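Report on the structure given below.
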Amino acid sequence: MAQRPIVTLTTDFGLNDHFVGTVKGAILSIAPEVEIVDICHSVQAFDILDGALALAQAYSYFPTRTVHLVVVDPGVGSARRPILASSDKYNFVAPDNGVLSLMYARDERLNVRHVTSDHYFLQPLSNTFHGRDVFAPVAAYLAKGVDQEKFGPEITDFVRFNAPKPKAVDAKTLRGIVLKVDRFGNLITNITPQDAPALLQTPAPGFKIVVGKREVTALQSNYADGAPNELFAILGSMGYLEIAANRTAAAQLASAGKGTEVSLVLEGAAAAGNGQ
Amino acid sequence: MAQRPIVTLTTDFGLNDHFVGTVKGAILSIAPEVEIVDICHSVQAFDILDGALALAQAYSYFPTRTVHLVVVDPGVGSARRPILASSDKYNFVAPDNGVLSLMYARDERLNVRHVTSDHYFLQPLSNTFHGRDVFAPVAAYLAKGVDQEKFGPEITDFVRFNAPKPKAVDAKTLRGIVLKVDRFGNLITNITPQDAPALLQTPAPGFKIVVGKREVTALQSNYADGAPNELFAILGSMGYLEIAANRTAAAQLASAGKGTEVSLVLEGAAAAGNGQ
Amino acid sequence: MAQRPIVTLTTDFGLNDHFVGTVKGAILSIAPEVEIVDICHSVQAFDILDGALALAQAYSYFPTRTVHLVVVDPGVGSARRPILASSDKYNFVAPDNGVLSLMYARDERLNVRHVTSDHYFLQPLSNTFHGRDVFAPVAAYLAKGVDQEKFGPEITDFVRFNAPKPKAVDAKTLRGIVLKVDRFGNLITNITPQDAPALLQTPAPGFKIVVGKREVTALQSNYADGAPNELFAILGSMGYLEIAANRTAAAQLASAGKGTEVSLVLEGAAAAGNGQ
């Protein structure tokens, strides 16, 4: 059985409207052999960092040659460019607004093009739904095997930003933020093991995390080890330090949410590695 | 690679239950080669017009011969008929309650059948889940290539309704309503460019739109051109005049929602074209 | 066209995060020929019975040899075992926490294995996302045709529970609960026709159902037969007695929800059959 080309979708379109279905129709009309896979359509509306996070957590689990289509596009219809970015393994189609930034930071060998070949776009071209009229057809033609060069010229001035990183307040204290709250109420911080390597030493040092209205002093290796209503820190599957609770939403226990400040204080150890 | 037959789903089943998954299983058990594509499952419960709108915005973007399955069916188990409608390009399977009305209005060459061949239905046949027991198998057999005539006799008295149209209040004023609020908070009105062609003239005439608690006097061609917290009118991708805001929910700014009245007053120009 | 192997997904991951997309990528990277079908991702977080109900309502509608992947896994990373269960028709991959219990109760010829062959797992293996690292790859290799014996030894002490059953309070009265509220606001009780066969006699006996703040005395055979704002009982497609209303959420009318007590009082007839 021949492998079908895969196109994934990551958008802030939500699932309440026809938007996602229409994009899928536009892809399949050009490339009916494509397998379309939803990564997430619940990126917060207009939130480019949230889209970048969703993509970064999923794209590398897909087969080589997958086309990742990302549409979080508050500038739709304005001068922002549609782009096609290619790494050794994947192709990405997105607006040039930084939504690929976390991918850029991981895949060093990149080729980025400004998609200018508008004969690939649907006509009439709307000003407000480029997911349907621009990005879907470009992804479809890519999945069909059209050469990258045909879509437009290579560029180097594509938009990229750095995800917010924790800052060293003093030798023992890192201050970060909650990047997002996941479905289970876990608070995903922007603190990585590299930011606080001492936390992972054996035995683990004493530490204190202040988040929202609560202090957290326990570190667990899985959610089920937490006592009822206990908040604990855990190194989550996203690669970040999370504040979690066993079968309960940590966000509620801590009265914390996206953007809440998080302070990590390590006892007797320098918060080495931060500021990298 | 042979093209797989496509069946799309548009329902008010939501995504919180097993309903959609069960329908997909029922289709695949009959026609495992089918590619199932979700258009939308968040049609407002029991809301036939909302379902008609979702379908109308998406179906024509799919490949020829796609089977569009639509289940918004408050009369399930009652005497309402299951129907099969065929245009030049597509097949539609739905309850005969008007949910195909907006498609009827666009595809003039239609053939509509009352599906009476109950040997295609799942047994035992429930009274409450015809999406699973009636519509899914009919769509699956259609996708497999069963001739339309085998499903039942042609009918001409199928249920259809007209979508609500704006009304001329006086020579300068059109009164419409908000058809729906989309994921981004845009207010989709029922006013089309044909209803107010003067709006699209160059230069655009002065105008005023009253919606909810706000007056709108600006017209933009893309969302990003709006000033912060400014409400503006825009001709959206659905083919209707929308009231929108840049990276903000217009619905909240205007305290307006589905069903809210919208008045468009054109300065010095007749609101030509309305009432068509 | 060769039939593609099918893997279904039933999880409590929700659709707001990257979790589902990442699981799909992990499956397709191992078995790109697989057709992935969502049953439901909105199982209530950590709620094993709710997951068991969703699976039980859908799995038997899928083609023979479908692999059903179920991840409702509050014990992820703890000592709970990953298992592979096989009936005559289907394979199931899940944590051993009882989430397959309702399936166990229906498929008597079962073979259950403890999945111990960790060379099938993704590396590095996280402690918090076994949907991605353990269950997805096992389902993918199963769908590819790897023999069941290769995944681990057969076990008989797998976790199973009985769904809550209604109890006879006296000769005329059954007391049950609301198992769930569906998308339309229907109250799905745990009372089956076998629990109260008298209800289905012709003519139906008088009865009274007390639920939340309301009494229900009507039995309808389809939703559309209900008068406006009338609560009525109906034998729903899930095989349970439901309390419903025509185009209205019964849950709101009755101020009832998941877990609400439901009393069924049959007039002049023994509530025969309960307690089976």
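Ordered as shown in the structure tokens, chains take letters A, B, and onward, while each chain numbers its residues from 1 and ligands are numbered from 1 in the order shown.
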Q. Gly226 (chain B): which residues within 12 Å, counting only C-alpha atoms, same-chain residues fewer than 3 positions away excluded, as a ChimeraX atom specification?
A. /A:74-75,77-78 /B:216-223,229-234,243-248,250
Chain A residues within 10 Å of chain C, counting only C-alpha atoms: which ones, as number ranges by chain?
A: 1-6, 8-10, 14-15, 35, 37-44, 50-51, 53-64, 66, 180-185, 221-225, 234-239, 246-249
Contacts of region 196-201 of chain C at 12 Å (only C-alpha atoms; same-chain gap of 4+ positions) as number ranges by chain
C: 166-168, 171-176, 190-192, 205-209, 217-221, 233-235, 240-241, 263-276
DSSP strand (DSSP E or B) residues within region 4-247 of chain B, listed as a PyMOL selection string:
chain B and resi 6-11+35-40+67-71+82-86+91-95+111-114+154+167-170+173-181+187-189+207-211+214-216+219+232-235+241-244
Notebook entry, point to check: If you run DSSP on the backbone, which residues of region 33-250 of chain A are helix (DSSP H, G or I), as number ranges by chain?
Noted result: A: 48-61, 101-104, 118-120, 130-144, 148-151, 197-200, 223-225, 250
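We find CA of Arg81 (chain A) and CA of Pro193 (chain B) to be spaced 28.0 Å apart.
Taking CA of Gly212 (chain C) as the reference point, CA of Ala256 (chain C) is found at 5.0 Å.
Between CA of Val7 (chain A) and CA of Val93 (chain A) the separation is 10.0 Å.
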